[in-house]
$ cat final_3.cif   # mmCIF, C-alpha atoms (C1' of nucleotides)
data_final
loop_
_atom_site.label_atom_id
_atom_site.label_comp_id
_atom_site.auth_asym_id
_atom_site.auth_seq_id
_atom_site.Cartn_x
_atom_site.Cartn_y
_atom_site.Cartn_z
CA MET Y 28 35.59 120.91 255.67
CA TYR Y 29 33.07 119.33 253.38
CA TYR Y 30 35.38 119.93 250.47
CA ASN Y 31 38.20 118.54 252.53
CA ASN Y 32 36.31 115.33 253.07
CA LEU Y 33 35.69 114.98 249.40
CA LEU Y 34 39.35 115.34 248.71
CA GLN Y 35 40.13 112.73 251.29
CA VAL Y 36 37.73 110.29 249.73
CA GLU Y 37 39.36 110.81 246.36
CA LYS Y 38 42.72 110.17 247.87
CA LEU Y 39 41.63 107.22 249.96
CA ASP Y 40 40.28 105.57 246.83
CA SER Y 41 43.73 105.48 245.37
CA ILE Y 42 45.59 104.79 248.58
CA ILE Y 43 43.58 101.88 249.86
CA PHE Y 44 44.66 99.58 247.03
CA TYR Y 45 48.24 100.57 247.49
CA LYS Y 46 47.99 99.78 251.20
CA ILE Y 47 46.32 96.44 250.58
CA ASP Y 48 49.02 95.48 248.14
CA ARG Y 49 51.72 96.58 250.52
CA ALA Y 50 50.21 94.74 253.48
CA ILE Y 51 49.89 91.40 251.78
CA ARG Y 52 53.33 91.60 250.20
CA THR Y 53 55.00 92.59 253.44
CA TYR Y 54 53.25 89.75 255.22
CA ARG Y 55 54.30 87.25 252.60
CA GLN Y 56 57.89 88.35 252.79
CA PHE Y 57 57.81 88.22 256.56
CA ALA Y 58 56.20 84.78 256.74
CA GLN Y 59 58.50 83.40 254.05
CA ALA Y 60 61.59 84.71 255.79
CA ARG Y 61 60.49 83.07 259.04
CA LEU Y 62 59.96 79.73 257.38
CA ARG Y 63 63.33 79.92 255.71
CA SER Y 64 65.08 80.93 258.90
CA LEU Y 65 63.77 77.76 260.49
CA GLY Y 66 65.19 75.70 257.70
CA HIS Y 67 62.02 75.07 255.74
CA GLN Y 68 62.51 75.02 251.99
CA ILE Y 69 58.88 75.40 251.10
CA THR Y 70 57.20 78.58 249.84
CA ILE Y 71 54.04 79.86 251.45
CA ASP Y 72 52.18 79.32 248.21
CA GLN Y 73 53.25 75.70 248.24
CA TRP Y 74 52.27 75.47 251.88
CA LEU Y 75 48.80 76.68 250.95
CA VAL Y 76 48.37 74.08 248.23
CA ILE Y 77 49.51 71.23 250.46
CA ARG Y 78 47.29 72.45 253.29
CA CYS Y 79 44.39 72.47 250.88
CA LEU Y 80 45.13 68.90 249.80
CA ILE Y 81 45.34 67.70 253.38
CA GLU Y 82 42.04 69.26 254.29
CA ASN Y 83 40.37 68.10 251.09
CA PRO Y 84 41.72 64.70 250.16
CA LYS Y 85 40.87 63.42 246.67
CA ILE Y 86 40.40 66.94 245.42
CA GLN Y 87 41.18 67.70 241.77
CA GLN Y 88 43.65 70.33 240.54
CA ASN Y 89 40.69 72.10 239.16
CA GLU Y 90 39.11 72.57 242.54
CA ILE Y 91 42.40 73.37 244.20
CA SER Y 92 42.78 76.33 241.93
CA GLU Y 93 39.43 77.67 243.04
CA LEU Y 94 40.13 77.13 246.71
CA VAL Y 95 43.55 78.73 246.75
CA PHE Y 96 42.43 81.33 244.25
CA LYS Y 97 45.11 80.63 241.72
CA ASP Y 98 45.03 80.00 238.01
CA ALA Y 99 44.81 76.37 236.91
CA ALA Y 100 48.08 76.82 235.06
CA SER Y 101 49.79 78.08 238.20
CA VAL Y 102 48.49 75.20 240.26
CA ASN Y 103 49.61 72.73 237.66
CA ARG Y 104 53.13 74.08 237.69
CA MET Y 105 53.24 74.30 241.45
CA ILE Y 106 52.23 70.68 241.68
CA ASN Y 107 54.95 69.78 239.19
CA LEU Y 108 57.51 71.31 241.52
CA LEU Y 109 55.96 69.69 244.58
CA VAL Y 110 56.04 66.30 242.89
CA GLU Y 111 59.69 66.82 241.96
CA ALA Y 112 60.39 67.71 245.57
CA LYS Y 113 58.63 64.51 246.73
CA TYR Y 114 55.93 66.33 248.64
CA LEU Y 115 53.17 65.06 246.35
CA LYS Y 116 52.45 62.20 243.99
CA ARG Y 117 50.22 62.28 240.95
CA LYS Y 118 48.27 59.32 239.66
CA ILE Y 119 45.70 59.12 236.90
CA ASN Y 120 42.19 58.68 238.24
CA LYS Y 121 40.82 55.21 237.48
CA SER Y 122 37.27 56.22 236.71
CA ASP Y 123 38.02 59.37 234.73
CA ARG Y 124 41.31 59.41 232.94
CA ARG Y 125 41.25 63.19 232.50
CA LYS Y 126 41.57 63.65 236.22
CA MET Y 127 44.60 63.24 238.44
CA ASP Y 128 44.57 61.89 241.98
CA ILE Y 129 47.04 63.82 244.05
CA LEU Y 130 48.56 62.22 247.11
CA VAL Y 131 50.33 63.96 249.96
CA THR Y 132 53.51 62.14 250.98
CA GLN Y 133 54.74 61.54 254.51
CA LYS Y 134 57.55 63.98 253.84
CA ALA Y 135 54.97 66.68 253.24
CA LEU Y 136 52.99 65.76 256.34
CA ASP Y 137 56.11 66.00 258.47
CA ALA Y 138 57.06 69.34 257.00
CA MET Y 139 53.56 70.71 257.49
CA GLU Y 140 53.45 69.59 261.08
CA ALA Y 141 56.71 71.35 261.80
CA MET Y 142 55.50 74.52 260.15
CA ASP Y 143 52.18 74.49 261.93
CA GLU Y 144 54.04 75.66 264.99
CA VAL Y 145 55.30 78.77 263.27
CA ILE Y 146 52.47 80.00 261.14
CA PRO Y 147 49.95 80.94 263.85
CA THR Y 148 52.70 82.91 265.54
CA ASN Y 149 53.44 84.72 262.32
CA ARG Y 150 49.83 85.66 261.95
CA ALA Y 151 49.58 86.85 265.50
CA THR Y 152 52.64 89.01 265.04
CA ALA Y 153 51.26 90.49 261.85
CA LEU Y 154 47.99 91.36 263.58
CA THR Y 155 49.44 92.87 266.71
CA GLY Y 156 47.69 96.00 267.92
CA LEU Y 157 44.48 95.40 266.02
CA THR Y 158 41.12 94.85 267.62
CA GLN Y 159 38.84 92.09 266.54
CA GLU Y 160 36.32 94.65 265.35
CA GLU Y 161 38.87 96.31 263.11
CA MET Y 162 39.85 92.97 261.69
CA GLU Y 163 36.26 92.09 261.04
CA ILE Y 164 35.64 95.33 259.22
CA ALA Y 165 38.81 94.95 257.19
CA THR Y 166 37.78 91.42 256.27
CA LYS Y 167 34.38 92.65 255.25
CA VAL Y 168 35.92 95.36 253.10
CA MET Y 169 38.16 92.82 251.37
CA THR Y 170 35.24 90.54 250.70
CA GLN Y 171 33.24 93.39 249.27
CA ILE Y 172 36.04 94.51 246.98
CA ALA Y 173 36.46 91.00 245.64
CA SER Y 174 32.76 90.71 245.10
CA ASN Y 175 32.54 94.09 243.37
CA CYS Y 176 35.33 93.12 241.00
CA LYS Y 177 34.08 89.82 239.83
CA LYS Y 178 31.53 90.55 237.22
CA MET F 13 29.79 82.19 273.63
CA TYR F 14 33.11 83.29 275.01
CA TYR F 15 34.69 80.15 273.65
CA ASN F 16 32.93 80.77 270.42
CA ASN F 17 34.53 84.18 270.15
CA LEU F 18 37.94 82.71 270.75
CA LEU F 19 37.38 80.25 267.95
CA GLN F 20 36.28 83.05 265.70
CA VAL F 21 39.40 85.03 266.45
CA GLU F 22 41.55 82.03 265.61
CA LYS F 23 39.72 81.57 262.39
CA LEU F 24 39.73 85.25 261.48
CA ASP F 25 43.48 85.25 261.90
CA SER F 26 43.81 82.76 259.12
CA ILE F 27 41.00 84.09 256.97
CA ILE F 28 41.93 87.74 256.91
CA PHE F 29 45.12 87.13 254.95
CA TYR F 30 43.30 84.96 252.52
CA LYS F 31 40.71 87.68 252.00
CA ILE F 32 43.31 90.38 251.55
CA ASP F 33 45.09 88.30 248.96
CA ARG F 34 41.85 87.56 247.18
CA ALA F 35 40.73 91.19 247.18
CA ILE F 36 43.88 92.61 245.69
CA ARG F 37 44.18 89.88 243.09
CA THR F 38 40.56 90.21 242.04
CA TYR F 39 40.96 93.96 241.76
CA ARG F 40 44.11 93.61 239.68
CA GLN F 41 42.45 91.20 237.31
CA PHE F 42 39.43 93.44 237.04
CA ALA F 43 41.40 96.61 236.41
CA GLN F 44 43.69 94.88 233.95
CA ALA F 45 40.78 93.45 232.00
CA ARG F 46 39.21 96.89 231.77
CA LEU F 47 42.38 98.44 230.45
CA ARG F 48 42.77 95.70 227.88
CA SER F 49 39.19 95.95 226.77
CA LEU F 50 39.80 99.61 225.97
CA GLY F 51 42.77 98.68 223.82
CA HIS F 52 45.53 99.57 226.26
CA GLN F 53 48.53 97.25 226.10
CA ILE F 54 50.03 98.32 229.38
CA THR F 55 49.90 96.36 232.64
CA ILE F 56 48.80 98.01 235.85
CA ASP F 57 52.24 97.47 237.32
CA GLN F 58 53.74 99.29 234.39
CA TRP F 59 51.13 102.00 234.81
CA LEU F 60 52.22 102.42 238.40
CA VAL F 61 55.88 102.81 237.49
CA ILE F 62 55.16 105.37 234.78
CA ARG F 63 52.81 107.28 237.07
CA CYS F 64 55.56 107.37 239.65
CA LEU F 65 58.04 108.72 237.12
CA ILE F 66 55.64 111.42 235.99
CA GLU F 67 54.98 112.57 239.52
CA ASN F 68 58.64 112.39 240.49
CA PRO F 69 60.75 113.43 237.53
CA LYS F 70 64.48 112.75 237.76
CA ILE F 71 63.87 109.95 240.24
CA GLN F 72 66.31 107.01 240.32
CA GLN F 73 65.34 103.35 239.87
CA ASN F 74 66.37 102.92 243.40
CA GLU F 75 63.75 105.30 244.70
CA ILE F 76 61.12 104.04 242.32
CA SER F 77 61.40 100.61 243.85
CA GLU F 78 60.70 102.07 247.28
CA LEU F 79 57.78 104.14 246.10
CA VAL F 80 56.03 101.39 244.20
CA PHE F 81 57.08 98.83 246.77
CA LYS F 82 58.83 96.52 244.39
CA ASP F 83 62.22 94.89 244.36
CA ALA F 84 65.00 96.78 242.58
CA ALA F 85 65.42 93.78 240.29
CA SER F 86 61.76 93.85 239.36
CA VAL F 87 61.83 97.55 238.65
CA ASN F 88 64.91 97.15 236.53
CA ARG F 89 63.27 94.51 234.40
CA MET F 90 60.03 96.42 234.14
CA ILE F 91 61.93 99.44 232.91
CA ASN F 92 63.70 97.26 230.36
CA LEU F 93 60.34 96.28 228.94
CA LEU F 94 59.04 99.83 229.07
CA VAL F 95 62.10 101.06 227.22
CA GLU F 96 61.64 98.37 224.58
CA ALA F 97 58.02 99.46 224.24
CA LYS F 98 59.15 103.09 223.78
CA TYR F 99 57.38 104.33 226.89
CA LEU F 100 60.64 105.27 228.61
CA LYS F 101 64.20 106.19 227.77
CA ARG F 102 67.26 105.54 229.88
CA LYS F 103 70.33 107.76 229.93
CA ILE F 104 73.39 107.64 232.12
CA ASN F 105 73.44 110.45 234.66
CA LYS F 106 76.16 112.99 233.89
CA SER F 107 77.23 113.70 237.44
CA ASP F 108 77.08 110.14 238.78
CA ARG F 109 77.70 107.43 236.26
CA ARG F 110 76.15 104.76 238.47
CA LYS F 111 72.77 106.38 238.15
CA MET F 112 70.36 106.36 235.25
CA ASP F 113 68.13 109.23 234.23
CA ILE F 114 64.80 107.89 233.12
CA LEU F 115 62.66 109.88 230.75
CA VAL F 116 58.98 109.45 230.04
CA THR F 117 58.19 109.62 226.32
CA GLN F 118 55.26 111.37 224.72
CA LYS F 119 53.84 107.97 223.84
CA ALA F 120 53.68 107.15 227.54
CA LEU F 121 52.12 110.51 228.40
CA ASP F 122 49.41 110.00 225.81
CA ALA F 123 48.69 106.49 227.06
CA MET F 124 48.55 107.64 230.65
CA GLU F 125 46.19 110.45 229.84
CA ALA F 126 43.84 108.05 228.12
CA MET F 127 43.94 105.63 231.03
CA ASP F 128 43.40 108.34 233.60
CA GLU F 129 39.78 108.37 232.51
CA VAL F 130 39.29 104.72 233.33
CA ILE F 131 41.18 104.12 236.52
CA PRO F 132 39.15 106.29 238.91
CA THR F 133 36.03 104.55 237.63
CA ASN F 134 37.60 101.17 238.26
CA ARG F 135 38.39 102.14 241.81
CA ALA F 136 34.92 103.47 242.40
CA THR F 137 33.41 100.25 241.12
CA ALA F 138 35.67 98.17 243.33
CA LEU F 139 34.69 100.21 246.37
CA THR F 140 30.95 100.26 245.79
CA GLY F 141 28.87 99.74 248.91
CA LEU F 142 31.60 100.66 251.36
CA THR F 143 31.42 103.61 253.71
CA GLN F 144 34.30 105.96 254.15
CA GLU F 145 34.67 104.84 257.74
CA GLU F 146 35.02 101.21 256.72
CA MET F 147 37.59 102.13 254.14
CA GLU F 148 39.52 104.15 256.66
CA ILE F 149 39.57 101.29 259.12
CA ALA F 150 40.60 98.83 256.44
CA THR F 151 43.38 101.15 255.39
CA LYS F 152 44.50 101.47 258.96
CA VAL F 153 44.53 97.69 259.36
CA MET F 154 46.62 97.28 256.22
CA THR F 155 49.07 99.89 257.39
CA GLN F 156 49.38 98.20 260.75
CA ILE F 157 49.97 94.77 259.23
CA ALA F 158 52.70 96.14 257.00
CA SER F 159 54.28 97.87 259.94
CA ASN F 160 54.09 94.76 262.13
CA CYS F 161 55.78 92.69 259.47
CA LYS F 162 58.73 94.86 258.72
CA LYS F 163 61.19 94.06 261.43
"C1'" DA Z 3 27.10 54.98 216.69
"C1'" DA Z 4 29.14 59.23 214.96
"C1'" DT Z 5 29.47 63.99 215.71
"C1'" DT Z 6 29.75 67.77 218.74
"C1'" DA Z 7 30.39 69.87 223.16
"C1'" DT Z 8 32.36 70.01 227.55
"C1'" DT Z 9 35.78 69.13 230.97
"C1'" DA Z 10 40.58 68.47 233.25
"C1'" DA Z 11 45.00 68.98 232.64
"C1'" DT Z 12 48.78 70.73 230.30
"C1'" DT Z 13 51.86 73.89 227.57
"C1'" DG Z 14 53.45 78.38 225.47
"C1'" DA Z 15 54.37 83.03 225.98
"C1'" DT Z 16 55.02 86.98 228.63
"C1'" DG Z 17 55.32 89.59 232.93
"C1'" DT Z 18 56.33 90.03 237.88
"C1'" DA Z 19 58.65 88.61 242.73
"C1'" DT Z 20 62.56 87.52 245.35
"C1'" DC Z 21 67.09 86.45 246.82
"C1'" DA Z 22 71.75 86.30 245.89
"C1'" DA Z 23 75.73 87.69 243.41
"C1'" DT Z 24 78.25 90.81 240.46
"C1'" DA Z 25 79.77 95.04 238.05
"C1'" DA Z 26 80.81 99.75 237.97
"C1'" DT Z 27 81.25 103.89 240.04
"C1'" DT Z 28 81.64 107.07 243.81
"C1'" DA Z 29 82.45 108.17 248.87
"C1'" DC Z 30 85.16 107.58 252.84
"C1'" DC Z 31 89.35 107.30 255.46
"C1'" DT Z 32 93.64 107.78 257.91
"C1'" DA W 9 96.74 109.06 246.92
"C1'" DG W 10 95.43 104.20 247.67
"C1'" DG W 11 92.70 101.02 249.70
"C1'" DT W 12 88.17 100.02 251.73
"C1'" DA W 13 83.37 100.71 252.00
"C1'" DA W 14 79.01 102.00 250.26
"C1'" DT W 15 75.86 102.82 246.46
"C1'" DT W 16 73.31 102.00 241.86
"C1'" DA W 17 72.19 99.15 238.52
"C1'" DT W 18 72.25 94.82 236.55
"C1'" DT W 19 72.06 89.68 235.98
"C1'" DG W 20 71.16 84.71 237.32
"C1'" DA W 21 68.19 81.47 239.17
"C1'" DT W 22 63.86 80.02 240.66
"C1'" DA W 23 58.89 80.53 241.61
"C1'" DC W 24 54.37 82.44 240.70
"C1'" DA W 25 50.54 84.97 237.64
"C1'" DT W 26 47.80 85.27 233.61
"C1'" DC W 27 45.90 84.60 229.18
"C1'" DA W 28 45.47 81.83 225.26
"C1'" DA W 29 45.80 77.59 222.98
"C1'" DT W 30 46.08 72.61 222.97
"C1'" DT W 31 45.42 67.70 224.16
"C1'" DA W 32 42.99 63.86 225.87
"C1'" DA W 33 39.09 61.98 227.68
"C1'" DT W 34 34.28 61.93 228.74
"C1'" DA W 35 29.39 63.61 228.19
"C1'" DA W 36 25.65 65.06 225.37
"C1'" DT W 37 23.03 65.16 221.11
"C1'" DT W 38 20.84 63.87 217.09
#

$ encode --input "final_3.cif" --output "structure tokens"
Amino acid sequence: MYYNNLLQVEKLDSIIFYKIDRAIRTYRQFAQARLRSLGHQITIDQWLVIRCLIENPKIQQNEISELVFKDAASVNRMINLLVEAKYLKRKINKSDRRKMDILVTQKALDAMEAMDEVIPTNRATALTGLTQEEMEIATKVMTQIASNCKK
Amino acid sequence: MYYNNLLQVEKLDSIIFYKIDRAIRTYRQFAQARLRSLGHQITIDQWLVIRCLIENPKIQQNEISELVFKDAASVNRMINLLVEAKYLKRKINKSDRRKMDILVTQKALDAMEAMDEVIPTNRATALTGLTQEEMEIATKVMTQIASNCKK
DNA sequence: AATTATTAATTGATGTATCAATAATTACCT
DNA sequence: AGGTAATTATTGATACATCAATTAATAATT
């Protein structure tokens, strides 16, 4: 039994990462499919960036990349696409010409508002059958893993 | 206090996905950096595919994509790269010409053996400070989310 | 003030994700 | 047997991830 437990730990070590990966990917697919089925063209990654800009106006790309936990290069390219799609505008900052001021357009605000009716439902669906305690523990585990892995 | 709990639940709903995403991405970065620092050229996704092929010889691309939870298109392209890098070989199946037999080369076996000494350590580091019970609950939560999101 | 260092954004190169469409081959059918 | 359906792999198109290198502007230093 003791030996058995040891084996299980070994196995769990390898399985937990697989399950985490699977959970987040399945959720992404699910949420993306819902958005698309309601006629929204936007990706959930783009949604996240726009959300971040709405909640933190005047934020720099730099800081966005920290908040959404994406590489600066990724954020830059995502913003390129969002500017092309008329969801954002970029203007050079007056006081520091290295920086860019990023503005959220009305088109983006409208799209976000429409999507805000779907996304909480998606989350609720994804979390069906879980207790708050389980979710809290899972969240704690995720936080710990992230913290263990960064230096 | 009751109201407070409700707010927390709302917030947790949105935060848990963010934390999951952050955990798996931080782990991937961490594990990848370790492999690279030991001179291994391979990515962890490629590692996963090769591992899968070693444990399930004669498996089709089809089935690989289910096991590693990746799109068939992704797996196809990953195998292309792995064939170029001489880690795998592809041959048309004799009895069903739609299928491909995929062979793991000695080069891949050697690389895998070398990496097998690092990967358990990586996992252990990533899971430091967590009890088995927490890990089990987290795993359960991940499984449930995946199950809730697929249809 | 001129040099050096730092910072913010961008670009290049390579790998992966996802959906949709297309071969090519085999199975099914009646 | 001949046509239809299903299966396996592949390709096209677009988006994101990651590291490394570069550019442009500002800050710091001597």

$ closest_atom_pairs --input "final_3.cif" --of "chain Z" --to "segment 95-118 of chain F" --cutoff "10 Å" --atoms "all atoms listed in the file" --output "tab-separated table"
residue	atom	partner	partner_atom	distance
Z:DA26	C1'	F:Arg110	CA	6.9
Z:DT27	C1'	F:Arg110	CA	5.4
Z:DT28	C1'	F:Asp108	CA	7.5

$ residues_around --input "final_3.cif" --residues "DA9 of chain W" --least-positions-apart "2" --cutoff "12 Å" --atoms "only C-alpha atoms (C1' of nucleotides)" --output "short mmCIF file (atom, residue, chain, number, x, y, z; two decimals) with C-alpha atoms (C1' of nucleotides), in the coordinates of the input"
data_model
loop_
_atom_site.label_atom_id
_atom_site.label_comp_id
_atom_site.auth_asym_id
_atom_site.auth_seq_id
_atom_site.Cartn_x
_atom_site.Cartn_y
_atom_site.Cartn_z
"C1'" DC Z 31 89.35 107.30 255.46
"C1'" DT Z 32 93.64 107.78 257.91
"C1'" DG W 11 92.70 101.02 249.70
#

$ resolve_selection --input "final_3.cif" --expression "the PyMOL selection byres ((chain F and resi 57-73) around 7)" --output "ChimeraX atom specification"
/F:54-56,74-77,80,87,90,111-114

$ calpha_fit_and_write --input "final_3.cif" --fixed "chain F" --moving "chain Y" --output "short mmCIF file (atom, residue, chain, number, x, y, z; two decimals) with C-alpha atoms, in the coordinates of the input"
data_model
loop_
_atom_site.label_atom_id
_atom_site.label_comp_id
_atom_site.auth_asym_id
_atom_site.auth_seq_id
_atom_site.Cartn_x
_atom_site.Cartn_y
_atom_site.Cartn_z
CA MET Y 28 29.77 82.40 273.75
CA TYR Y 29 33.11 83.42 275.11
CA TYR Y 30 34.60 80.24 273.75
CA ASN Y 31 32.84 80.90 270.49
CA ASN Y 32 34.50 84.27 270.21
CA LEU Y 33 37.87 82.75 270.80
CA LEU Y 34 37.29 80.30 268.03
CA GLN Y 35 36.25 83.09 265.74
CA VAL Y 36 39.40 85.02 266.46
CA GLU Y 37 41.48 81.97 265.65
CA LYS Y 38 39.66 81.57 262.41
CA LEU Y 39 39.70 85.23 261.51
CA ASP Y 40 43.46 85.24 261.92
CA SER Y 41 43.79 82.76 259.13
CA ILE Y 42 41.00 84.09 256.98
CA ILE Y 43 41.93 87.74 256.91
CA PHE Y 44 45.12 87.13 254.94
CA TYR Y 45 43.30 84.95 252.51
CA LYS Y 46 40.70 87.68 252.00
CA ILE Y 47 43.32 90.37 251.55
CA ASP Y 48 45.09 88.29 248.96
CA ARG Y 49 41.86 87.55 247.18
CA ALA Y 50 40.74 91.18 247.18
CA ILE Y 51 43.89 92.59 245.69
CA ARG Y 52 44.18 89.86 243.08
CA THR Y 53 40.57 90.19 242.02
CA TYR Y 54 40.98 93.94 241.75
CA ARG Y 55 44.11 93.60 239.67
CA GLN Y 56 42.45 91.19 237.31
CA PHE Y 57 39.43 93.43 237.03
CA ALA Y 58 41.43 96.60 236.42
CA GLN Y 59 43.72 94.86 233.94
CA ALA Y 60 40.81 93.43 232.00
CA ARG Y 61 39.24 96.88 231.75
CA LEU Y 62 42.42 98.43 230.44
CA ARG Y 63 42.80 95.68 227.88
CA SER Y 64 39.20 95.93 226.77
CA LEU Y 65 39.82 99.57 225.96
CA GLY Y 66 42.77 98.66 223.84
CA HIS Y 67 45.55 99.56 226.24
CA GLN Y 68 48.53 97.25 226.09
CA ILE Y 69 50.04 98.31 229.36
CA THR Y 70 49.94 96.34 232.62
CA ILE Y 71 48.82 97.97 235.83
CA ASP Y 72 52.25 97.44 237.29
CA GLN Y 73 53.75 99.31 234.38
CA TRP Y 74 51.12 101.99 234.79
CA LEU Y 75 52.21 102.40 238.40
CA VAL Y 76 55.87 102.81 237.50
CA ILE Y 77 55.15 105.38 234.80
CA ARG Y 78 52.79 107.26 237.11
CA CYS Y 79 55.54 107.35 239.69
CA LEU Y 80 58.02 108.73 237.15
CA ILE Y 81 55.61 111.43 236.05
CA GLU Y 82 54.96 112.55 239.58
CA ASN Y 83 58.62 112.36 240.54
CA PRO Y 84 60.72 113.41 237.59
CA LYS Y 85 64.47 112.72 237.82
CA ILE Y 86 63.87 109.93 240.28
CA GLN Y 87 66.29 106.99 240.32
CA GLN Y 88 65.34 103.33 239.85
CA ASN Y 89 66.38 102.86 243.38
CA GLU Y 90 63.78 105.24 244.71
CA ILE Y 91 61.13 104.00 242.32
CA SER Y 92 61.43 100.58 243.83
CA GLU Y 93 60.73 101.99 247.26
CA LEU Y 94 57.79 104.05 246.12
CA VAL Y 95 56.05 101.31 244.19
CA PHE Y 96 57.11 98.75 246.75
CA LYS Y 97 58.84 96.46 244.33
CA ASP Y 98 62.23 94.83 244.32
CA ALA Y 99 65.01 96.72 242.54
CA ALA Y 100 65.44 93.76 240.23
CA SER Y 101 61.77 93.83 239.30
CA VAL Y 102 61.85 97.54 238.61
CA ASN Y 103 64.93 97.16 236.49
CA ARG Y 104 63.29 94.53 234.34
CA MET Y 105 60.05 96.43 234.10
CA ILE Y 106 61.94 99.46 232.89
CA ASN Y 107 63.72 97.30 230.32
CA LEU Y 108 60.35 96.32 228.89
CA LEU Y 109 59.05 99.88 229.04
CA VAL Y 110 62.11 101.13 227.20
CA GLU Y 111 61.65 98.45 224.55
CA ALA Y 112 58.04 99.54 224.21
CA LYS Y 113 59.15 103.18 223.78
CA TYR Y 114 57.38 104.39 226.89
CA LEU Y 115 60.64 105.33 228.62
CA LYS Y 116 64.20 106.25 227.78
CA ARG Y 117 67.27 105.61 229.89
CA LYS Y 118 70.32 107.81 229.93
CA ILE Y 119 73.38 107.68 232.14
CA ASN Y 120 73.43 110.47 234.69
CA LYS Y 121 76.16 113.02 233.93
CA SER Y 122 77.23 113.69 237.48
CA ASP Y 123 77.09 110.13 238.78
CA ARG Y 124 77.67 107.46 236.21
CA ARG Y 125 76.17 104.74 238.41
CA LYS Y 126 72.78 106.36 238.14
CA MET Y 127 70.35 106.37 235.25
CA ASP Y 128 68.11 109.26 234.26
CA ILE Y 129 64.79 107.91 233.15
CA LEU Y 130 62.66 109.93 230.78
CA VAL Y 131 58.97 109.49 230.08
CA THR Y 132 58.19 109.68 226.36
CA GLN Y 133 55.25 111.44 224.76
CA LYS Y 134 53.83 108.05 223.85
CA ALA Y 135 53.67 107.22 227.54
CA LEU Y 136 52.10 110.55 228.43
CA ASP Y 137 49.39 110.03 225.84
CA ALA Y 138 48.68 106.53 227.03
CA MET Y 139 48.53 107.64 230.65
CA GLU Y 140 46.16 110.45 229.85
CA ALA Y 141 43.82 108.06 228.10
CA MET Y 142 43.92 105.65 230.99
CA ASP Y 143 43.35 108.32 233.59
CA GLU Y 144 39.75 108.34 232.48
CA VAL Y 145 39.28 104.69 233.31
CA ILE Y 146 41.17 104.09 236.49
CA PRO Y 147 39.14 106.25 238.90
CA THR Y 148 36.03 104.52 237.61
CA ASN Y 149 37.59 101.15 238.25
CA ARG Y 150 38.38 102.12 241.78
CA ALA Y 151 34.93 103.45 242.40
CA THR Y 152 33.42 100.24 241.12
CA ALA Y 153 35.68 98.16 243.32
CA LEU Y 154 34.69 100.18 246.38
CA THR Y 155 30.96 100.22 245.80
CA GLY Y 156 28.87 99.70 248.91
CA LEU Y 157 31.59 100.63 251.36
CA THR Y 158 31.44 103.57 253.71
CA GLN Y 159 34.31 105.92 254.12
CA GLU Y 160 34.69 104.82 257.72
CA GLU Y 161 35.03 101.20 256.71
CA MET Y 162 37.61 102.12 254.13
CA GLU Y 163 39.54 104.13 256.65
CA ILE Y 164 39.59 101.27 259.11
CA ALA Y 165 40.61 98.81 256.43
CA THR Y 166 43.40 101.14 255.37
CA LYS Y 167 44.53 101.45 258.94
CA VAL Y 168 44.55 97.68 259.34
CA MET Y 169 46.64 97.27 256.20
CA THR Y 170 49.11 99.86 257.37
CA GLN Y 171 49.40 98.17 260.73
CA ILE Y 172 49.99 94.75 259.21
CA ALA Y 173 52.73 96.11 257.00
CA SER Y 174 54.30 97.85 259.92
CA ASN Y 175 54.10 94.75 262.13
CA CYS Y 176 55.80 92.67 259.45
CA LYS Y 177 58.74 94.82 258.72
CA LYS Y 178 61.21 94.15 261.42
#

$ closest_residue --input "final_3.cif" --among "F:Met154, F:Ile36, F:Ala85, F:Leu47" --to "DA22 of chain Z" --atoms "all atoms listed in the file"
F:Ala85

$ resolve_selection --input "final_3.cif" --expression "the PyMOL selection byres ((chain F) within 10 of (chain Y))" --output "ChimeraX atom specification"
/F:17,20-22,24-43,80-82,131-132,134-163

$ resolve_selection --input "final_3.cif" --expression "the PyMOL selection byres ((chain Z) within 8 of (chain Y))" --output "list of chain:residue names"
Z:DA10, Z:DA11, Z:DT12

$ residues_around --input "final_3.cif" --residues "Ser101 of chain Y" --least-positions-apart "5" --cutoff "9 Å" --atoms "all atoms listed in the file" --output "list in words"
Ser92 and Ile106 of chain Y; DC24, DA25 and DT26 of chain W

$ write_last_selection --input "final_3.cif" --atoms "C-alpha atoms (C1' of nucleotides)" --output "short mmCIF file (atom, residue, chain, number, x, y, z; two decimals), in the coordinates of the input"
data_model
loop_
_atom_site.label_atom_id
_atom_site.label_comp_id
_atom_site.auth_asym_id
_atom_site.auth_seq_id
_atom_site.Cartn_x
_atom_site.Cartn_y
_atom_site.Cartn_z
CA SER Y 92 42.78 76.33 241.93
CA ILE Y 106 52.23 70.68 241.68
"C1'" DC W 24 54.37 82.44 240.70
"C1'" DA W 25 50.54 84.97 237.64
"C1'" DT W 26 47.80 85.27 233.61
#

$ atom_distance --input "final_3.cif" --atom1 "atom C1' of DG20 of chain W" --atom2 "atom CA of Ala60 of chain Y"
20.8 Å

$ interface_residues --input "final_3.cif" --of "chain W" --to "chain Y" --cutoff "12 Å" --atoms "only C-alpha atoms (C1' of nucleotides)" --output "ChimeraX atom specification"
/W:22-28,31-35

$ atom_distance --input "final_3.cif" --atom1 "atom C1' of DT15 of chain W" --atom2 "atom C1' of DA23 of chain Z"
15.4 Å

$ residues_around --input "final_3.cif" --residues "DT37 of chain W" --least-positions-apart "5" --cutoff "10 Å" --atoms "all atoms listed in the file" --output "number ranges by chain"
Z: 5-7

$ atom_distance --input "final_3.cif" --atom1 "atom C1' of DA25 of chain Z" --atom2 "atom C1' of DT18 of chain W"
7.7 Å
